[in-house]
>>> print(open('protein-v8.txt').read())   # compact mmCIF, C-alpha atoms
# COMPACT_ATOMS: atom_id res chain seq x y z
CA MET J 1 -5.76 13.61 11.07
CA ASP J 2 -3.63 10.81 12.48
CA PRO J 3 0.19 11.16 12.27
CA LEU J 4 0.59 8.75 9.37
CA SER J 5 -2.00 10.54 7.21
CA GLN J 6 -0.35 13.86 8.04
CA THR J 7 3.02 12.47 6.98
CA LEU J 8 1.56 11.19 3.72
CA ALA J 9 -0.18 14.46 2.96
CA ALA J 10 3.05 16.36 3.63
CA LEU J 11 4.95 14.02 1.31
CA ALA J 12 2.40 14.33 -1.49
CA ASP J 13 4.20 17.45 -2.77
CA PRO J 14 7.47 17.19 -4.79
CA THR J 15 8.93 20.43 -3.36
CA ARG J 16 8.48 19.17 0.18
CA ARG J 17 10.01 15.80 -0.72
CA ALA J 18 13.03 17.61 -2.18
CA MET J 19 13.35 19.61 1.04
CA LEU J 20 13.28 16.43 3.12
CA LEU J 21 15.87 14.84 0.89
CA ARG J 22 18.13 17.84 1.39
CA LEU J 23 17.61 17.58 5.17
CA SER J 24 18.47 13.87 5.13
CA HIS J 25 22.04 15.03 4.40
CA GLY J 26 22.09 17.40 7.37
CA ASP J 27 20.38 20.41 8.95
CA ALA J 28 19.78 23.43 6.72
CA THR J 29 18.53 27.00 7.06
CA VAL J 30 15.31 28.21 5.44
CA GLY J 31 17.43 30.08 2.87
CA GLU J 32 19.39 26.95 1.98
CA LEU J 33 16.25 24.88 1.68
CA GLY J 34 14.51 27.42 -0.53
CA ALA J 35 17.49 28.13 -2.80
CA PRO J 36 16.85 25.37 -5.40
CA PHE J 37 13.25 26.51 -6.01
CA ARG J 38 11.79 29.45 -7.87
CA LEU J 39 9.38 30.17 -5.06
CA SER J 40 8.54 33.21 -3.01
CA GLN J 41 9.60 33.38 0.63
CA PRO J 42 5.97 32.96 1.82
CA ALA J 43 5.58 29.86 -0.39
CA ILE J 44 8.75 28.32 1.05
CA SER J 45 7.55 29.12 4.57
CA LYS J 46 4.21 27.51 3.84
CA HIS J 47 5.87 24.26 2.73
CA LEU J 48 8.05 24.25 5.84
CA LYS J 49 5.03 24.85 8.01
CA VAL J 50 3.31 21.76 6.54
CA LEU J 51 6.42 19.66 7.20
CA GLN J 52 6.67 21.06 10.72
CA THR J 53 2.99 20.43 11.51
CA ALA J 54 3.38 16.85 10.28
CA GLY J 55 6.28 16.46 12.69
CA LEU J 56 8.69 15.69 9.86
CA ILE J 57 10.97 18.61 10.68
CA THR J 58 11.77 20.74 13.72
CA ARG J 59 13.44 24.15 13.93
CA ARG J 60 16.44 24.55 16.22
CA LYS J 61 15.85 27.44 18.56
CA ALA J 62 19.46 27.77 19.75
CA ALA J 63 21.07 29.18 16.63
CA GLN J 64 19.99 32.54 15.23
CA THR J 65 19.35 31.07 11.78
CA ARG J 66 17.02 28.46 13.32
CA PRO J 67 18.10 25.61 11.03
CA CYS J 68 15.60 22.90 10.08
CA HIS J 69 16.16 19.35 11.27
CA LEU J 70 14.71 16.12 9.83
CA GLU J 71 12.76 14.05 12.37
CA ARG J 72 13.55 10.53 11.24
CA ALA J 73 11.09 8.68 13.47
CA ARG J 74 8.11 10.01 11.50
CA LEU J 75 9.57 8.87 8.20
CA ALA J 76 10.37 5.50 9.74
CA ASP J 77 6.69 5.06 10.66
CA LEU J 78 5.73 5.82 7.07
CA ASP J 79 8.36 3.44 5.77
CA ASP J 80 6.87 0.68 7.96
CA PHE J 81 3.45 1.32 6.47
CA MET J 82 4.72 1.38 2.89
CA GLN J 83 6.67 -1.83 3.41
CA HIS J 84 3.57 -3.42 4.83
CA PHE J 85 1.60 -2.18 1.85
CA ARG J 86 4.08 -3.45 -0.70
CA ALA J 87 4.05 -6.78 1.09
CA VAL J 88 0.32 -7.10 0.47
CA THR J 89 0.41 -6.02 -3.17
CA GLU J 90 3.69 -6.70 -4.98
CA GLY J 91 4.60 -9.49 -2.57
CA GLN J 92 1.36 -11.34 -3.13
CA LEU J 93 1.68 -11.04 -6.90
CA ASP J 94 5.22 -12.45 -6.68
CA GLN J 95 3.94 -15.35 -4.60
CA LEU J 96 1.12 -15.95 -7.08
CA ALA J 97 3.60 -16.01 -10.00
CA THR J 98 5.87 -18.45 -8.15
CA TYR J 99 2.97 -20.71 -7.28
CA LEU J 100 1.61 -20.70 -10.84
CA ALA J 101 5.06 -21.62 -12.15
CA ASN J 102 5.41 -24.43 -9.59
CA ILE J 103 2.07 -26.13 -10.17
CA GLN J 104 2.53 -26.04 -13.93
CA SER J 105 6.00 -27.58 -13.75
CA THR J 106 4.79 -30.35 -11.41
CA GLY J 107 1.44 -30.77 -13.17
CA GLU J 108 -0.32 -30.43 -9.82
CA THR J 109 -3.35 -28.33 -10.73
CA GLU J 110 -5.69 -30.22 -8.42
CA MET P 111 -14.53 10.72 -5.87
CA THR P 112 -10.90 9.81 -5.53
CA GLU P 113 -8.79 8.27 -8.29
CA PRO P 114 -8.37 4.49 -8.09
CA PHE P 115 -5.14 2.64 -7.36
CA THR P 116 -4.29 0.08 -10.06
CA VAL P 117 -1.72 -2.67 -10.17
CA SER P 118 -1.27 -5.16 -12.99
CA ARG P 119 0.81 -8.28 -13.53
CA ASP P 120 1.31 -10.74 -16.41
CA PHE P 121 1.66 -14.45 -15.69
CA LYS P 122 2.98 -17.38 -17.67
CA ALA P 123 -0.23 -19.30 -17.09
CA PRO P 124 -3.51 -19.70 -18.98
CA VAL P 125 -6.28 -17.42 -17.75
CA ALA P 126 -8.36 -20.41 -16.55
CA LEU P 127 -5.57 -21.51 -14.23
CA LEU P 128 -4.97 -17.95 -13.03
CA TRP P 129 -8.68 -17.64 -12.24
CA THR P 130 -8.79 -20.94 -10.33
CA VAL P 131 -5.65 -20.30 -8.33
CA HIS P 132 -6.69 -16.74 -7.51
CA THR P 133 -10.22 -17.60 -6.34
CA ASP P 134 -10.03 -21.10 -4.79
CA PRO P 135 -9.16 -20.97 -1.04
CA ALA P 136 -7.26 -24.29 -1.27
CA HIS P 137 -4.90 -22.60 -3.74
CA GLN P 138 -5.00 -19.24 -1.97
CA ALA P 139 -3.59 -20.87 1.17
CA LYS P 140 -0.58 -22.04 -0.82
CA TRP P 141 0.34 -18.79 -2.57
CA LEU P 142 -0.88 -16.26 0.00
CA SER P 143 0.75 -18.13 2.86
CA PRO P 144 3.51 -20.22 1.27
CA GLY P 145 5.43 -20.57 4.52
CA ASN P 146 2.39 -21.72 6.47
CA PRO P 147 -0.49 -22.79 4.18
CA ALA P 148 -2.25 -24.64 7.01
CA GLY P 149 -2.36 -21.38 8.97
CA TYR P 150 -4.51 -19.68 6.32
CA LYS P 151 -8.17 -19.71 7.38
CA SER P 152 -10.93 -19.24 4.85
CA ASP P 153 -14.70 -19.27 4.97
CA MET P 154 -15.62 -18.78 1.33
CA ASP P 155 -19.06 -18.28 -0.18
CA PHE P 156 -18.03 -17.56 -3.76
CA ARG P 157 -21.17 -16.24 -5.42
CA VAL P 158 -22.68 -12.81 -6.08
CA GLY P 159 -23.78 -11.50 -2.68
CA GLY P 160 -21.60 -14.08 -0.93
CA ARG P 161 -18.87 -13.38 1.58
CA HIS P 162 -15.29 -14.49 2.05
CA PHE P 163 -13.95 -14.22 5.60
CA TYR P 164 -10.29 -15.06 5.78
CA GLY P 165 -7.36 -14.97 8.16
CA MET P 166 -3.83 -14.70 6.91
CA PRO P 167 -0.95 -15.72 9.19
CA GLY P 168 1.47 -12.86 9.85
CA PRO P 169 5.20 -13.30 10.50
CA ASP P 170 4.51 -13.87 14.22
CA GLY P 171 1.80 -16.46 13.50
CA SER P 172 -1.10 -14.22 14.49
CA LEU P 173 -3.89 -13.94 11.92
CA MET P 174 -4.73 -10.80 9.96
CA TYR P 175 -8.41 -10.98 9.11
CA GLY P 176 -10.26 -9.65 6.11
CA ILE P 177 -13.69 -9.74 4.50
CA GLN P 178 -14.66 -9.69 0.83
CA ILE P 179 -18.26 -9.29 -0.28
CA PHE P 180 -18.81 -10.25 -3.90
CA ARG P 181 -20.85 -7.81 -5.98
CA ASP P 182 -20.23 -9.30 -9.38
CA ILE P 183 -18.54 -12.44 -10.67
CA VAL P 184 -17.94 -13.07 -14.37
CA PRO P 185 -16.02 -16.36 -14.56
CA LEU P 186 -12.57 -16.07 -16.16
CA GLN P 187 -13.06 -12.32 -16.61
CA LYS P 188 -13.99 -10.21 -13.65
CA ILE P 189 -14.71 -10.01 -9.93
CA ILE P 190 -16.07 -6.91 -8.24
CA MET P 191 -16.03 -7.00 -4.45
CA VAL P 192 -15.98 -4.83 -1.36
CA GLN P 193 -12.91 -5.54 0.69
CA SER P 194 -12.34 -4.65 4.35
CA LEU P 195 -10.00 -5.50 7.16
CA ALA P 196 -11.72 -7.36 9.96
CA ASP P 197 -11.36 -8.57 13.54
CA ALA P 198 -11.39 -12.24 14.55
CA GLN P 199 -15.19 -12.18 14.76
CA GLY P 200 -15.55 -10.97 11.19
CA ASN P 201 -16.48 -7.36 11.97
CA VAL P 202 -14.99 -4.60 9.82
CA ALA P 203 -11.98 -3.15 11.66
CA PRO P 204 -9.55 -0.27 11.10
CA HIS P 205 -6.08 -0.80 9.64
CA PRO P 206 -3.70 -1.47 12.54
CA LEU P 207 -1.03 0.85 11.15
CA ALA P 208 -3.28 3.47 9.56
CA PRO P 209 -6.59 4.17 11.34
CA THR P 210 -7.82 6.41 8.51
CA TRP P 211 -7.15 3.78 5.83
CA PRO P 212 -10.50 3.36 3.97
CA ARG P 213 -12.69 0.83 5.79
CA GLN P 214 -14.36 -0.28 2.57
CA MET P 215 -12.46 -0.73 -0.67
CA LEU P 216 -14.28 -1.40 -3.91
CA SER P 217 -11.90 -3.85 -5.52
CA THR P 218 -12.10 -4.94 -9.15
CA ASN P 219 -10.06 -7.88 -10.40
CA LEU P 220 -9.79 -8.22 -14.17
CA TYR P 221 -8.53 -11.46 -15.71
CA GLN P 222 -7.35 -11.30 -19.31
CA ASP P 223 -6.28 -13.98 -21.75
CA LEU P 224 -3.11 -12.75 -23.49
CA GLY P 225 -2.76 -15.86 -25.67
CA ASP P 226 0.14 -18.32 -25.80
CA GLY P 227 -0.74 -19.59 -22.34
CA THR P 228 -0.23 -16.21 -20.73
CA SER P 229 -2.65 -14.01 -18.81
CA ARG P 230 -2.92 -10.66 -17.06
CA LEU P 231 -4.38 -9.81 -13.68
CA THR P 232 -5.34 -6.19 -13.03
CA VAL P 233 -6.43 -5.13 -9.56
CA ARG P 234 -8.13 -1.78 -9.09
CA TRP P 235 -8.93 -0.25 -5.70
CA GLN P 236 -11.30 2.62 -5.06
CA PRO P 237 -12.40 3.69 -1.55
CA LEU P 238 -16.13 3.15 -1.04
CA GLU P 239 -18.29 5.62 0.88
CA ALA P 240 -15.04 7.15 2.12
CA THR P 241 -14.99 9.84 4.79
CA ASP P 242 -12.96 12.97 3.98
CA ALA P 243 -10.13 11.65 6.15
CA GLU P 244 -10.18 8.27 4.38
CA ALA P 245 -10.17 9.88 0.93
CA GLU P 246 -7.30 12.12 1.95
CA MET P 247 -5.35 9.17 3.32
CA PHE P 248 -5.93 7.14 0.16
CA ASP P 249 -5.02 10.05 -2.14
CA ALA P 250 -1.84 10.69 -0.22
CA ALA P 251 -0.88 7.02 -0.12
CA ARG P 252 -1.66 6.32 -3.77
CA GLY P 253 1.50 7.98 -5.04
CA GLY P 254 3.67 5.86 -2.81
CA MET P 255 1.74 2.70 -3.60
CA GLN P 256 1.89 3.33 -7.32
CA GLY P 257 5.61 4.04 -7.19
CA GLY P 258 4.70 7.44 -8.62
CA TRP P 259 6.53 9.46 -6.03
CA ASP P 260 9.40 10.01 -8.48
CA HIS P 261 12.99 9.28 -7.61
CA GLN P 262 13.16 11.42 -4.51
CA PHE P 263 11.03 9.21 -2.36
CA GLY P 264 13.09 6.20 -3.39
CA GLN P 265 16.20 8.03 -2.28
CA ILE P 266 14.65 8.95 1.05
CA ALA P 267 13.50 5.36 1.53
CA ALA P 268 16.95 4.05 0.65
CA TYR P 269 18.44 6.42 3.14
CA LEU P 270 15.96 5.31 5.79
CA ALA P 271 16.91 1.71 5.20
CA THR P 272 20.41 2.55 6.40
CA LEU P 273 19.03 3.78 9.73
CA SER P 274 17.86 1.67 12.60
CA HIS P 275 14.21 2.13 13.57
CA ASP P 276 14.85 3.17 17.14
>>> encode(input="protein-v8.txt", output="structure tokens")
Amino acid sequence: MDPLSQTLAALADPTRRAMLLRLSHGDATVGELGAPFRLSQPAISKHLKVLQTAGLITRRKAAQTRPCHLERARLADLDDFMQHFRAVTEGQLDQLATYLANIQSTGETE
Amino acid sequence: MTEPFTVSRDFKAPVALLWTVHTDPAHQAKWLSPGNPAGYKSDMDFRVGGRHFYGMPGPDGSLMYGIQIFRDIVPLQKIIMVQSLADAQGNVAPHPLAPTWPRQMLSTNLYQDLGDGTSRLTVRWQPLEATDAEAEMFDAARGGMQGGWDHQFGQIAAYLATLSHD
């Protein structure tokens, strides 16, 4: 799978999105990340593994608690794609609405 | 088969005008490329089995090419077509940002008369003959496209907007 698809697949799960949101405020340990969820330790680890494989997070080796760190570049790539996508859907519909309004007000319907 | 992506919009325009503006390349140039209508290139064969090869000017002036092959046309009501990104020669090409984006998209446009001079356009996308990787990509992207990724993704995106893309 290419990096963008991996990022999207990782983000398809609400628990993983919540974990990323938490990490956007700063590094956190596995315990801190798992605390808000009623999930077993293996389930938490599995989610983190998906995020790690997608390159969305890294684990710091230095500290004993090995805190998780958000890798922003990967999310930025995804954001670029989504912005591009919105440009070709919502943007085009906006342009169509504007154009329809214009030609009706000027009576220029060709 | 993967779930389709659907987007819908209501317009303050009669359905006949919506249909014309949406399907006529002379109009398309003006709403698809309002900043540079002359830059929009279109080779349109608007009939069942016909092909539309178009090039849309990007922000840097370079053209993004696409192909539509019409499977069904019901005037003022419906168009079913297969849509693909293309290269300058009109060959199907991968998405520049997402290589596993489905090469062929079965796209259905529905045009509806809502009365009082208003109309609705509904666009439905469904990957066609998708590989596993394409289906996975589309499934994963659908949530984001549909705005269905709840509030969290919006918050992450808002946060991202405050960062520079370096």
>>> closest_residue(input="protein-v8.txt", among="P:Thr228, P:Asp120, P:Gln138, P:Gln178", to="P:Gly200", atoms="all atoms listed in the file")
P:Gln178
>>> residues_around(input="protein-v8.txt", residues="stretch 58-75 of chain J", least_positions_apart="3", cutoff="6 Å", atoms="only C-alpha atoms", output="list in words")
Leu23, Asp27, Ala28, Thr29, Gln52 and Leu78 of chain J
>>> atom_distance(input="protein-v8.txt", atom1="atom CA of J:Arg38", atom2="atom CA of J:Asp13")
15.1 Å
>>> residues_around(input="protein-v8.txt", residues="P:Thr218", least_positions_apart="4", cutoff="8 Å", atoms="all atoms listed in the file", output="number ranges by chain")
P: 188-191, 232-235
>>> atom_distance(input="protein-v8.txt", atom1="atom CA of J:Leu48", atom2="atom CA of J:Thr15")
10.0 Å
>>> atom_distance(input="protein-v8.txt", atom1="atom CA of P:Gly165", atom2="atom CA of P:Asn146")
12.0 Å
>>> axis_aligned_box(input="protein-v8.txt", around="stretch 166-171 of chain P", padding_each_side="5 Å", output="lines of an AutoDock Vina configuration file")
center_x = 0.7
center_y = -14.7
center_z = 10.6
size_x = 19.0
size_y = 13.6
size_z = 17.3
